[in-house]
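Shown next: coords-v2.txt, given as compact mmCIF, C-alpha atoms.
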```
# COMPACT_ATOMS: atom_id res chain seq x y z
CA MET P 394 -28.66 10.12 19.42
CA SER P 395 -28.56 13.72 18.31
CA LYS P 396 -25.76 12.80 15.94
CA GLU P 397 -27.89 10.24 14.18
CA LYS P 398 -27.78 12.12 10.89
CA ASN P 399 -24.04 11.92 10.79
CA GLU P 400 -23.88 8.21 11.36
CA TYR P 401 -23.71 5.34 8.97
CA GLU P 402 -24.74 1.98 10.29
CA ALA P 403 -24.60 -1.38 8.58
CA GLY P 404 -24.12 -5.07 9.12
CA ILE P 405 -22.18 -7.76 7.27
CA SER P 406 -23.24 -9.98 4.42
CA SER P 407 -24.43 -13.56 4.90
CA SER P 408 -21.72 -14.68 2.47
CA TYR P 409 -19.48 -14.53 5.50
CA ASN P 410 -21.30 -17.59 6.80
CA SER P 411 -20.77 -19.55 3.58
CA LYS P 412 -17.14 -18.51 3.54
CA GLU P 413 -16.50 -19.60 7.13
CA LEU P 414 -18.45 -22.81 6.49
CA LEU P 415 -16.31 -23.74 3.51
CA LYS P 416 -13.14 -22.80 5.35
CA ASN P 417 -14.09 -24.83 8.42
CA THR P 418 -15.35 -27.77 6.39
CA LEU P 419 -12.02 -28.04 4.65
CA LEU P 420 -10.01 -27.58 7.83
CA LEU P 421 -12.09 -29.85 10.05
CA GLY P 422 -12.46 -32.40 7.26
CA ILE P 423 -8.71 -32.74 7.01
CA ILE P 424 -8.36 -32.96 10.80
CA ALA P 425 -11.16 -35.56 11.06
CA THR P 426 -9.71 -37.75 8.32
CA ALA P 427 -6.19 -37.50 9.69
CA GLY P 428 -7.47 -38.15 13.22
CA ALA P 429 -9.38 -41.25 12.14
CA PHE P 430 -6.39 -42.70 10.31
CA PHE P 431 -4.15 -41.96 13.25
CA THR P 432 -6.51 -43.67 15.70
CA TRP P 433 -6.75 -46.68 13.36
CA TRP P 434 -2.99 -46.85 13.21
CA ILE P 435 -2.68 -46.66 17.02
CA MET P 436 -5.25 -49.47 17.31
CA ILE P 437 -3.23 -51.69 15.02
CA MET P 438 -0.06 -50.91 16.96
CA ILE P 439 -1.69 -51.83 20.26
CA TYR P 440 -3.22 -55.04 18.92
CA THR P 441 -0.17 -56.37 17.16
CA ASP P 442 2.96 -55.07 18.82
CA GLY P 443 1.89 -53.64 22.15
CA LEU P 444 0.21 -56.83 23.35
CA ASN P 445 2.45 -59.01 21.29
CA ILE P 446 -0.49 -61.00 19.96
CA ASN P 447 -0.85 -61.67 16.29
CA VAL P 448 -4.50 -60.84 15.77
CA GLU P 449 -6.20 -59.29 12.78
CA VAL P 450 -8.00 -56.12 13.72
CA PRO P 451 -11.54 -56.44 12.36
CA ILE P 452 -12.34 -53.95 9.62
CA GLU P 453 -15.53 -53.01 11.50
CA VAL P 454 -13.37 -51.22 14.07
CA MET P 455 -12.12 -48.95 11.31
CA TYR P 456 -15.68 -48.20 10.23
CA ILE P 457 -16.61 -47.28 13.79
CA ILE P 458 -13.60 -44.99 14.15
CA PHE P 459 -14.47 -43.21 10.92
CA ILE P 460 -18.15 -42.89 11.86
CA ILE P 461 -17.19 -41.33 15.21
CA ALA P 462 -14.63 -38.95 13.64
CA TYR P 463 -17.04 -37.75 10.94
CA GLY P 464 -19.84 -37.55 13.49
CA ILE P 465 -17.81 -35.10 15.54
CA PHE P 466 -16.88 -33.32 12.32
CA GLY P 467 -20.54 -32.96 11.29
CA ALA P 468 -21.56 -31.72 14.72
CA LEU P 469 -18.81 -29.10 14.69
CA ILE P 470 -19.85 -27.90 11.23
CA VAL P 471 -23.45 -27.51 12.39
CA LEU P 472 -22.22 -25.61 15.45
CA THR P 473 -20.06 -23.37 13.25
CA TYR P 474 -23.05 -22.65 11.07
CA ILE P 475 -25.24 -21.76 14.06
CA TYR P 476 -22.49 -19.67 15.64
CA ASN P 477 -21.77 -17.71 12.48
CA THR P 478 -25.45 -17.10 11.78
CA ALA P 479 -25.68 -15.54 15.24
CA TYR P 480 -22.40 -13.69 14.64
CA ILE P 481 -23.70 -12.09 11.47
CA LYS P 482 -26.99 -11.22 13.12
CA ASN P 483 -25.20 -9.50 15.99
CA PHE P 484 -22.54 -7.73 13.96
CA THR P 485 -23.05 -4.04 13.29
CA TYR P 486 -20.68 -1.20 12.70
CA LYS P 487 -21.26 2.51 12.82
CA ILE P 488 -19.19 5.21 11.19
CA SER P 489 -19.77 8.45 13.04
CA GLU P 490 -18.14 11.85 12.99
CA ASP P 491 -15.00 11.04 14.89
CA HIS P 492 -15.00 7.34 15.53
CA ILE P 493 -15.96 3.91 14.27
CA ILE P 494 -18.04 1.69 16.54
CA ILE P 495 -18.04 -2.06 16.01
CA ILE P 496 -20.57 -4.13 17.95
CA HIS P 497 -20.10 -7.89 17.80
CA GLY P 498 -20.04 -11.10 19.79
CA VAL P 499 -22.33 -14.07 20.20
CA LEU P 500 -22.04 -15.05 23.84
CA THR P 501 -19.99 -12.10 25.05
CA LYS P 502 -21.04 -8.83 23.49
CA ILE P 503 -18.28 -6.42 22.63
CA VAL P 504 -18.66 -2.76 21.74
CA ALA P 505 -15.39 -1.48 20.29
CA THR P 506 -15.04 2.25 19.80
CA ILE P 507 -12.14 3.34 17.66
CA PRO P 508 -11.48 7.08 17.48
CA TYR P 509 -10.02 8.20 14.15
CA SER P 510 -7.09 9.68 16.01
CA ARG P 511 -5.95 6.19 17.01
CA ILE P 512 -6.24 4.55 13.63
CA GLN P 513 -2.82 3.69 12.30
CA ASN P 514 -3.81 2.03 9.11
CA ILE P 515 -6.76 0.38 7.45
CA ASN P 516 -6.24 -2.71 5.34
CA ILE P 517 -8.72 -4.15 2.94
CA VAL P 518 -8.09 -7.87 2.67
CA ASN P 519 -9.38 -10.13 -0.08
CA GLY P 520 -8.17 -13.62 0.72
CA VAL P 521 -8.61 -16.90 -1.17
CA PHE P 522 -11.91 -17.75 0.50
CA ASP P 523 -12.97 -14.12 0.34
CA ARG P 524 -12.53 -14.19 -3.40
CA MET P 525 -14.71 -17.28 -3.80
CA PHE P 526 -17.64 -15.50 -2.22
CA LYS P 527 -16.72 -12.01 -3.44
CA THR P 528 -16.35 -10.57 0.04
CA PHE P 529 -13.77 -8.32 1.65
CA THR P 530 -12.42 -7.94 5.16
CA VAL P 531 -11.56 -4.53 6.51
CA LYS P 532 -8.92 -4.50 9.21
CA ILE P 533 -8.41 -1.36 11.22
CA GLU P 534 -5.15 -1.26 13.09
CA THR P 535 -4.78 1.10 15.98
CA ALA P 536 -1.86 2.64 17.80
CA GLY P 537 -0.58 0.99 20.91
CA SER P 538 -3.39 -1.47 21.53
CA SER P 539 -2.54 -4.75 23.18
CA ALA P 540 -4.36 -6.62 20.45
CA ALA P 541 -2.32 -4.88 17.78
CA ALA P 542 0.93 -5.62 19.59
CA ALA P 543 0.01 -9.26 20.04
CA SER P 544 -1.14 -9.63 16.47
CA ALA P 545 2.08 -8.09 15.28
CA LYS P 546 3.94 -10.88 17.05
CA SER P 547 1.81 -13.87 16.18
CA GLY P 548 0.00 -12.55 13.14
CA HIS P 549 -3.13 -14.46 14.15
CA ILE P 550 -5.02 -12.35 16.65
CA LYS P 551 -7.66 -10.15 15.10
CA PRO P 552 -6.93 -6.43 15.08
CA GLU P 553 -9.08 -4.15 17.17
CA GLY P 554 -11.24 -3.16 14.26
CA TYR P 555 -12.22 -6.19 12.24
CA ILE P 556 -15.13 -6.09 9.82
CA PRO P 557 -15.39 -9.31 7.81
CA GLY P 558 -17.74 -10.40 5.05
CA LEU P 559 -18.23 -7.10 3.29
CA LYS P 560 -19.76 -7.22 -0.14
CA ASP P 561 -18.71 -3.68 -0.92
CA PRO P 562 -15.98 -2.17 1.26
CA PHE P 563 -16.08 0.96 -0.85
CA ILE P 564 -19.36 2.06 0.73
CA ILE P 565 -17.51 2.23 4.03
CA GLU P 566 -14.73 4.13 2.34
CA LYS P 567 -17.20 6.60 0.88
CA LYS P 568 -18.89 7.14 4.20
CA ILE P 569 -15.61 7.59 6.02
CA LYS P 570 -14.53 10.02 3.34
CA GLU P 571 -17.66 12.07 3.91
CA MET P 572 -16.97 12.19 7.62
CA MET P 573 -13.37 13.00 6.89
CA THR P 574 -14.26 16.05 4.78
CA LYS P 575 -16.33 17.40 7.63
CA TYR P 576 -13.78 16.42 10.21
CA SER P 577 -10.79 17.93 8.46
CA ALA P 578 -12.41 21.34 8.08
CA VAL P 579 -9.57 23.52 9.29
CA PRO P 580 -9.94 27.33 9.27
CA SER P 581 -8.67 28.55 5.92
CA GLY P 582 -5.18 29.95 5.93
CA LEU P 583 -4.14 27.67 8.74
CA GLU P 584 -4.51 24.46 6.86
CA ASP P 585 -0.99 24.44 5.50
CA LYS P 586 0.51 24.89 8.91
CA ILE P 587 -1.63 22.54 10.92
CA PHE P 588 -1.07 18.94 10.17
CA LYS P 589 -2.66 16.82 12.83
CA PRO P 590 -1.37 13.28 13.26
CA GLU P 591 -4.92 11.94 13.30
CA GLU P 592 -5.48 13.42 9.87
CA LEU P 593 -2.28 11.86 8.63
CA ALA P 594 -3.49 8.38 9.50
CA PHE P 595 -6.85 9.02 7.98
CA ASP P 596 -5.40 10.67 4.94
CA ASN P 597 -3.66 7.43 4.01
CA PHE P 598 -7.00 5.75 3.78
CA ILE P 599 -8.50 8.56 1.76
CA SER P 600 -5.63 8.38 -0.72
CA TYR P 601 -6.48 4.75 -1.25
CA ILE P 602 -10.14 5.53 -1.94
CA LEU P 603 -9.24 8.33 -4.31
CA SER P 604 -6.78 6.15 -6.16
CA LYS P 605 -9.57 3.61 -6.60
CA MET P 606 -11.85 6.34 -7.92
CA ARG P 607 -9.23 7.45 -10.40
CA GLU P 608 -8.83 3.99 -11.85
CA GLY P 609 -11.05 4.92 -14.79
CA GLU P 610 -8.46 7.37 -16.07
CA LYS P 611 -6.51 6.07 -18.99
CA LEU P 612 -3.16 6.91 -20.43
CA LYS P 613 -2.54 6.88 -24.11
CA THR P 614 1.03 6.05 -24.96
CA PHE P 615 3.21 6.69 -27.95
CA ILE P 616 6.03 4.48 -26.74
CA THR P 617 5.87 2.11 -29.72
CA GLU P 618 6.02 4.96 -32.27
CA LEU P 619 8.90 6.73 -30.55
CA ARG P 620 10.71 3.47 -29.91
CA GLU P 621 10.55 2.55 -33.60
CA LYS P 622 11.74 6.01 -34.51
CA ALA P 623 14.75 5.50 -32.25
CA ASN P 624 15.33 2.09 -33.86
CA LEU P 625 14.95 0.15 -30.67
CA SER P 626 13.16 -3.12 -30.04
CA ALA P 627 10.90 -3.46 -27.02
CA SER P 628 13.43 -5.62 -25.23
CA GLN P 629 16.26 -3.19 -25.98
CA LEU P 630 14.18 -0.36 -24.58
CA ALA P 631 13.37 -2.38 -21.45
CA GLU P 632 17.04 -3.12 -20.97
CA LYS P 633 18.07 0.52 -21.37
CA VAL P 634 15.39 1.70 -18.96
CA GLY P 635 16.25 -1.09 -16.57
CA VAL P 636 12.82 -2.67 -16.22
CA PRO P 637 11.41 -6.07 -17.21
CA ILE P 638 9.99 -6.23 -20.74
CA GLN P 639 6.53 -6.94 -19.30
CA THR P 640 6.49 -3.42 -17.86
CA ILE P 641 7.03 -1.97 -21.32
CA ASN P 642 4.34 -4.25 -22.76
CA TYR P 643 1.83 -3.25 -20.10
CA LEU P 644 2.64 0.38 -20.70
CA THR P 645 2.12 0.18 -24.44
CA GLU P 646 -1.18 -1.59 -23.88
CA GLY P 647 -2.17 1.21 -21.55
CA ARG P 648 -2.78 -1.20 -18.69
CA TYR P 649 -0.42 0.38 -16.25
CA ASN P 650 -0.07 3.82 -14.73
CA PRO P 651 3.68 4.32 -14.34
CA SER P 652 5.37 6.42 -11.71
CA LEU P 653 6.81 9.74 -12.77
CA ALA P 654 10.33 8.45 -12.20
CA LEU P 655 9.77 5.58 -14.63
CA ALA P 656 8.21 7.93 -17.18
CA TYR P 657 11.27 10.18 -16.89
CA LYS P 658 13.59 7.24 -17.43
CA ILE P 659 11.80 6.20 -20.60
CA ALA P 660 11.68 9.77 -21.84
CA GLU P 661 15.41 10.06 -21.22
CA VAL P 662 16.18 6.90 -23.19
CA LEU P 663 13.97 7.98 -26.09
CA HIS P 664 15.15 11.61 -25.93
CA CYS P 665 11.70 13.15 -25.73
CA LYS P 666 9.36 14.92 -23.37
CA ILE P 667 6.95 13.07 -21.11
CA GLU P 668 4.08 14.87 -22.82
CA ASP P 669 5.16 13.38 -26.17
CA LEU P 670 5.25 9.95 -24.64
CA PHE P 671 1.99 9.85 -22.73
CA LYS P 672 -1.34 11.56 -22.95
CA LEU P 673 -4.11 11.53 -20.38
CA VAL P 674 -7.40 10.60 -21.98
CA MET T 892 27.46 4.99 -14.80
CA LYS T 893 24.44 7.12 -14.17
CA PHE T 894 23.56 9.16 -11.16
CA LYS T 895 20.60 8.00 -9.15
CA LYS T 896 18.02 10.71 -9.32
CA LYS T 897 15.34 12.02 -7.08
CA ILE T 898 12.24 13.88 -8.15
CA SER T 899 11.79 17.29 -6.59
CA SER T 900 8.89 19.57 -7.28
CA ARG T 901 8.07 23.24 -7.53
CA ILE T 902 4.42 22.62 -6.69
CA ARG T 903 4.52 24.90 -3.67
CA GLN T 904 5.89 27.83 -5.65
CA PHE T 905 3.39 27.43 -8.51
CA ARG T 906 0.52 26.78 -6.13
CA GLU T 907 1.23 29.93 -4.18
CA GLU T 908 1.42 31.88 -7.43
CA MET T 909 -2.10 30.70 -8.19
CA ASP T 910 -3.24 31.41 -4.64
CA LEU T 911 -4.25 27.84 -3.93
CA SER T 912 -3.97 26.10 -0.59
CA GLN T 913 -2.74 22.53 -0.30
CA LEU T 914 -6.28 21.34 0.35
CA GLU T 915 -7.74 23.23 -2.60
CA LEU T 916 -5.13 21.83 -4.95
CA ALA T 917 -5.64 18.36 -3.51
CA LYS T 918 -9.37 18.58 -4.18
CA LEU T 919 -8.82 19.77 -7.74
CA VAL T 920 -6.37 16.97 -8.44
CA GLY T 921 -8.47 14.40 -6.62
CA VAL T 922 -5.86 13.27 -4.13
CA SER T 923 -5.54 13.67 -0.39
CA ARG T 924 -3.81 16.69 1.06
CA GLN T 925 -1.11 14.47 2.45
CA THR T 926 -0.15 13.52 -1.08
CA ILE T 927 0.35 17.18 -1.99
CA TYR T 928 2.27 17.72 1.23
CA TYR T 929 4.64 14.87 0.45
CA LEU T 930 4.98 15.93 -3.17
CA GLU T 931 6.04 19.39 -2.05
CA ARG T 932 8.57 17.88 0.30
CA GLY T 933 9.83 15.79 -2.57
CA SER T 934 9.51 12.56 -0.66
CA TYR T 935 7.05 10.88 -2.98
CA ASN T 936 7.25 9.60 -6.52
CA PRO T 937 3.81 10.34 -8.00
CA SER T 938 2.01 8.28 -10.59
CA LEU T 939 1.91 9.67 -14.10
CA THR T 940 -1.83 10.33 -14.07
CA ILE T 941 -1.49 12.49 -10.95
CA SER T 942 1.44 14.30 -12.54
CA PHE T 943 -0.66 15.05 -15.61
CA LYS T 944 -3.55 16.30 -13.49
CA ILE T 945 -1.26 18.59 -11.52
CA SER T 946 0.39 19.94 -14.64
CA GLU T 947 -3.06 20.58 -16.12
CA ILE T 948 -4.25 22.47 -13.06
CA LEU T 949 -1.07 24.47 -12.54
CA LYS T 950 -0.89 25.10 -16.30
CA LYS T 951 2.80 24.20 -16.46
CA PRO T 952 4.54 21.38 -18.32
CA ILE T 953 5.52 18.38 -16.23
CA HIS T 954 9.25 18.92 -16.48
CA GLU T 955 8.87 22.41 -15.03
CA ILE T 956 6.88 21.20 -12.06
CA PHE T 957 8.84 18.05 -11.39
CA TYR T 958 12.55 18.13 -11.95
CA GLN T 959 15.10 15.44 -11.41
CA GLU T 960 18.26 15.88 -9.48
CA PRO T 961 21.01 13.48 -8.55
CA ILE T 962 20.47 12.32 -4.99
CA ILE T 963 23.98 13.39 -4.06
CA LYS T 964 23.14 16.99 -4.96
CA ASP T 965 19.96 16.87 -2.99
CA ILE T 966 21.78 15.60 0.08
CA LEU T 967 24.56 18.17 -0.12
CA GLU T 968 22.08 21.01 -0.54
CA GLY T 969 20.48 20.05 2.74
CA LYS T 970 23.78 20.35 4.62
CA SER T 971 25.10 23.41 6.38
CA LEU T 972 28.43 24.94 5.37
CA SER T 973 30.24 23.52 8.40
CA GLU T 974 28.91 20.07 7.57
CA ILE T 975 30.05 20.41 3.94
CA ARG T 976 33.46 21.50 5.17
CA GLU T 977 33.66 18.35 7.28
CA VAL T 978 32.65 16.17 4.33
CA ALA T 979 35.28 17.87 2.16
CA GLU T 980 37.92 17.24 4.80
CA VAL T 981 37.06 13.56 5.22
CA ALA T 982 36.85 13.04 1.46
CA GLY T 983 40.12 14.94 0.97
CA LEU T 984 38.55 17.39 -1.46
CA ASN T 985 38.77 21.07 -2.11
CA LEU T 986 35.84 22.82 -0.36
CA GLU T 987 35.13 25.07 -3.36
CA LYS T 988 34.95 22.11 -5.70
CA LEU T 989 32.54 20.28 -3.43
CA ALA T 990 30.39 23.39 -3.00
CA SER T 991 30.29 23.91 -6.76
CA LEU T 992 28.62 20.52 -7.09
CA SER T 993 25.26 21.89 -6.06
CA GLU T 994 25.25 24.43 -8.90
CA MET T 995 25.99 21.98 -11.69
CA ASP T 996 23.44 20.28 -13.85
CA ASN T 997 23.57 16.57 -14.50
CA GLU T 998 25.88 16.71 -17.51
CA GLN T 999 28.38 19.04 -15.91
CA LEU T 1000 28.35 16.87 -12.85
CA THR T 1001 29.21 13.75 -14.82
CA LYS T 1002 32.12 15.55 -16.48
CA ALA T 1003 33.51 17.30 -13.40
CA PHE T 1004 33.40 14.45 -10.92
CA LYS T 1005 34.97 11.08 -11.39
CA GLU T 1006 33.41 7.96 -9.95
CA GLU T 1007 36.21 7.68 -7.40
CA THR T 1008 35.57 11.20 -6.17
CA ILE T 1009 31.87 10.56 -5.78
CA THR T 1010 32.69 7.34 -3.93
CA LYS T 1011 34.90 9.32 -1.56
CA ILE T 1012 32.12 11.82 -0.96
CA ALA T 1013 29.68 8.97 -0.44
CA ILE T 1014 31.93 7.43 2.21
CA ALA T 1015 32.35 10.81 3.89
CA LEU T 1016 28.57 11.13 3.98
CA GLY T 1017 28.27 7.72 5.56
CA ALA T 1018 26.66 6.26 2.44
CA GLU T 1019 27.70 3.83 -0.24
CA PHE T 1020 28.50 4.07 -3.91
CA LYS T 1021 25.27 2.33 -4.85
CA ASP T 1022 23.23 4.95 -3.01
CA PHE T 1023 24.22 7.55 -5.59
CA PHE T 1024 24.57 5.51 -8.78
CA GLU T 1025 22.26 3.32 -10.68
CA ASN T 1026 23.64 -0.13 -11.14
CA LEU T 1027 23.27 -1.11 -14.72
```
Would it be possible to restate this file's structure as structure tokens?
Amino acid sequence: MSKEKNEYEAGISSSYNSKELLKNTLLLGIIATAGAFFTWWIMIMIYTDGLNINVEVPIEVMYIIFIIAYGIFGALIVLTYIYNTAYIKNFTYKISEDHIIIIHGVLTKIVATIPYSRIQNINIVNGVFDRMFKTFTVKIETAGSSAAAASAKSGHIKPEGYIPGLKDPFIIEKKIKEMMTKYSAVPSGLEDKIFKPEELAFDNFISYILSKMREGEKLKTFITELREKANLSASQLAEKVGVPIQTINYLTEGRYNPSLALAYKIAEVLHCKIEDLFKLV
Amino acid sequence: MKFKKKISSRIRQFREEMDLSQLELAKLVGVSRQTIYYLERGSYNPSLTISFKISEILKKPIHEIFYQEPIIKDILEGKSLSEIREVAEVAGLNLEKLASLSEMDNEQLTKAFKEETITKIAIALGAEFKDFFENL
């Protein structure tokens, strides 16, 4: 507990429950409807062909089948809701100096400790349902874990570090970055020589955060002016550079931060310097 | 036909001139140290905003910091003399001519070496024609 100052602790948003509810409603709804129709069909088969009697199956039977199917469906949805409420209540994660701790589980409680040195990559996922409720899922993949190996094969099993239903994943990023700055304090002079693998993995994540922070930076472009001077149309320029015309359009609108290689290519085609072509505002 | 190019950088040289460590430069630019490390190794194509930031901090124009070289030149420069000799033998080329390749700039290179010759060198290096040329 002495490290309390250096820890960040938080839970997940209740939007996770709504998201899971919608997801499960859709999924179970489809299964229930399909199941009811299938049972109805089987009934008809048995009545008419199987027993070789030509009897009309009363429509009431169909009603009963559907009532049962949707009854099960409703019960499952209620259970899902109760389960996820408990899941959210029990879910906490801590970001401390050298590891992330994730505590979760409804019936079985799990405390997962992931040292930074084992983190291979961190993915921030924003799926279809996530987008509806404006939440994010952070997936932390670790080196050599059985869960990671299994999930690599099937693609379904959750990775070792799994934090769903986050309203603002960037708070986590910020916190981890803070820890990272402390953690990566290498004696000066040595820092160029020492390059720890654990830093490498973490560095990837930091790059992502920093790139997000830099998004406000804008480039002013003079492509249109220089292109007209060179007597080229936008499509001709795109063709000469070897990119789709949309890329050129995005660039001129300043909506896209090109790579240096692309900037060089355009500069080469227009016979000018990169500094004449773009300006950082 | 155009040579495929790779971006190399003189960040390390300029950074050391200014007495900056990788981490210090990274903080000034607002990127991670790994990014600077990869940029110095030349194994990363930076975004233009980062390039501008770096050029601003190192007080050098972009084309001085980042320069483009045909990939073939880059690969040959990384080879030892005995390896180059081997490549010359397999490609059936004069060793001096092959060695002179690394001192030429892009224009000279295009004039001095025909496509067939480069293809031969590519095969000797265990690569393909398309690895060294842009397909237009």
Around the point (-2.6, 19.4, -3.1) (coordinates from the file), which residues reach within 10 Å if we count all atoms listed in the file? Answer as a PDB file with C-alpha atoms, in the coordinates of the input.
```pdb
ATOM      1  CA  ILE T 902       4.420  22.620  -6.690  1.00  0.00           C
ATOM      2  CA  ARG T 903       4.520  24.900  -3.670  1.00  0.00           C
ATOM      3  CA  ARG T 906       0.520  26.780  -6.130  1.00  0.00           C
ATOM      4  CA  LEU T 911      -4.250  27.840  -3.930  1.00  0.00           C
ATOM      5  CA  SER T 912      -3.970  26.100  -0.590  1.00  0.00           C
ATOM      6  CA  GLN T 913      -2.740  22.530  -0.300  1.00  0.00           C
ATOM      7  CA  LEU T 914      -6.280  21.340   0.350  1.00  0.00           C
ATOM      8  CA  GLU T 915      -7.740  23.230  -2.600  1.00  0.00           C
ATOM      9  CA  LEU T 916      -5.130  21.830  -4.950  1.00  0.00           C
ATOM     10  CA  ALA T 917      -5.640  18.360  -3.510  1.00  0.00           C
ATOM     11  CA  LYS T 918      -9.370  18.580  -4.180  1.00  0.00           C
ATOM     12  CA  LEU T 919      -8.820  19.770  -7.740  1.00  0.00           C
ATOM     13  CA  VAL T 920      -6.370  16.970  -8.440  1.00  0.00           C
ATOM     14  CA  GLY T 921      -8.470  14.400  -6.620  1.00  0.00           C
ATOM     15  CA  VAL T 922      -5.860  13.270  -4.130  1.00  0.00           C
ATOM     16  CA  SER T 923      -5.540  13.670  -0.390  1.00  0.00           C
ATOM     17  CA  ARG T 924      -3.810  16.690   1.060  1.00  0.00           C
ATOM     18  CA  GLN T 925      -1.110  14.470   2.450  1.00  0.00           C
ATOM     19  CA  THR T 926      -0.150  13.520  -1.080  1.00  0.00           C
ATOM     20  CA  ILE T 927       0.350  17.180  -1.990  1.00  0.00           C
ATOM     21  CA  TYR T 928       2.270  17.720   1.230  1.00  0.00           C
ATOM     22  CA  TYR T 929       4.640  14.870   0.450  1.00  0.00           C
ATOM     23  CA  LEU T 930       4.980  15.930  -3.170  1.00  0.00           C
ATOM     24  CA  GLU T 931       6.040  19.390  -2.050  1.00  0.00           C
ATOM     25  CA  ILE T 945      -1.260  18.590 -11.520  1.00  0.00           C
TER      26      ILE T 945
END
```
**Report entry** For range 952-960 of chain T: contacts at 8 Å, all atoms listed in the file, fewer than 2 positions along chain excluded, given as a ChimeraX atom specification
**Finding:** /P:666-668 /T:896-902,905,942-943,946-947,950,962,964-965,997
Requested in this report: Would you list the contacts of Ser652 in chain P as a PyMOL selection string, taking every protein, DNA or RNA residue within 10 Å and counting only C-alpha atoms, but skipping same-chain residues closer than 6 positions in sequence?
Outcome: chain T and resi 935-942
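With all atoms listed in the file as the atoms that count, the minimum distance from chain P to the choices T:Glu1006, T:Asn985, T:Ser993, T:Phe894 is reached by T:Phe894.
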Query raised in the report: Nearest to chain P: which of T:Ser991, T:Asp996, T:Glu980, T:Asp910 is it, counting all atoms listed in the file?
Result: T:Asp910
Size and centre in Å, one decimal, axis-aligned box, all listed range 999-1015 of chain T atoms plus 4 Å per side, as AutoDock Vina command-line options:
```
--center_x 32.3 --center_y 13.2 --center_z -6.3 --size_x 15.9 --size_y 19.7 --size_z 28.4
```
Query - Atomic distance CA of Pro961 in chain T - CA of Phe1024 in chain T, expressed in Å with one decimal - result: 8.7 Å
Query raised in the report: Taking all atoms listed in the file into account, which of T:Ile963, T:Thr1008, T:Glu908, T:Lys944 comes nearest chain P?
Result: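 Smallest separation from chain P among the options: T:Lys944.
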Requested in this report: Identify, on the basis of all atoms listed in the file, every residue whose closest approach to Leu469 in chain P does not exceed 12 Å; exclude the query and any residue fewer than 2 positions from it along the same chain; express the result as number ranges by chain.
Outcome: P: 414, 417-418, 420-422, 424-425, 462-467, 471-477
Report summary line: Atom pair CA of Ala479 in chain P + CA of Ile460 in chain P, distance 28.6 Å
Query raised in the report: Between CA of Lys560 in chain P and CA of Thr501 in chain P, what is the spacing in Å?
Result: 25.7 Å
Query raised in the report: So, counting only C-alpha atoms, which residue among P:Arg648, P:His664, P:Lys611, P:Arg620 is closest to chain T?
Result: P:Lys611
Query - Contact residues around range 623-625 of chain P with only C-alpha atoms at 12 Å, ignoring same-chain residues under 2 positions, as a ChimeraX atom specification - result: /P:616-621,627-634,660-665
Requested in this report: For Leu992 in chain T, work out the shell of residues within 9 Å, counting all atoms listed in the file and skipping chain neighbours fewer than 4 positions away, then give it as an MDAnalysis selection string.
Outcome: chainID T and resid 964 967 987:988 996 999:1000 1003:1004
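Compared by their closest atoms to Tyr509 in chain P, and using all atoms listed in the file, the residues P:Val674, P:Ile533, P:Met455, P:Leu415 rank with P:Ile533 nearest.
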Write a file for range 921-937 of chain T of the given structure; include C-alpha atoms and format it as a JSON list (two decimals), in the first residue's frame.
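out_1.json, written as the output of this step:
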```json
[["chain", "number", "residue", "atom", "x", "y", "z"],
["T", 921, "GLY", "CA", 6.90, 14.91, -28.89],
["T", 922, "VAL", "CA", 7.48, 11.34, -30.00],
["T", 923, "SER", "CA", 8.73, 8.27, -28.20],
["T", 924, "ARG", "CA", 12.42, 7.51, -28.06],
["T", 925, "GLN", "CA", 11.85, 4.41, -30.10],
["T", 926, "THR", "CA", 10.69, 6.57, -32.98],
["T", 927, "ILE", "CA", 13.96, 8.52, -32.90],
["T", 928, "TYR", "CA", 15.89, 5.27, -32.64],
["T", 929, "TYR", "CA", 14.19, 3.85, -35.72],
["T", 930, "LEU", "CA", 14.53, 7.12, -37.61],
["T", 931, "GLU", "CA", 18.27, 7.07, -36.98],
["T", 932, "ARG", "CA", 18.46, 3.51, -38.20],
["T", 933, "GLY", "CA", 16.54, 4.57, -41.27],
["T", 934, "SER", "CA", 13.93, 1.88, -40.85],
["T", 935, "TYR", "CA", 10.95, 4.18, -40.51],
["T", 936, "ASN", "CA", 9.18, 6.54, -42.85],
["T", 937, "PRO", "CA", 8.11, 9.46, -40.63]]
```
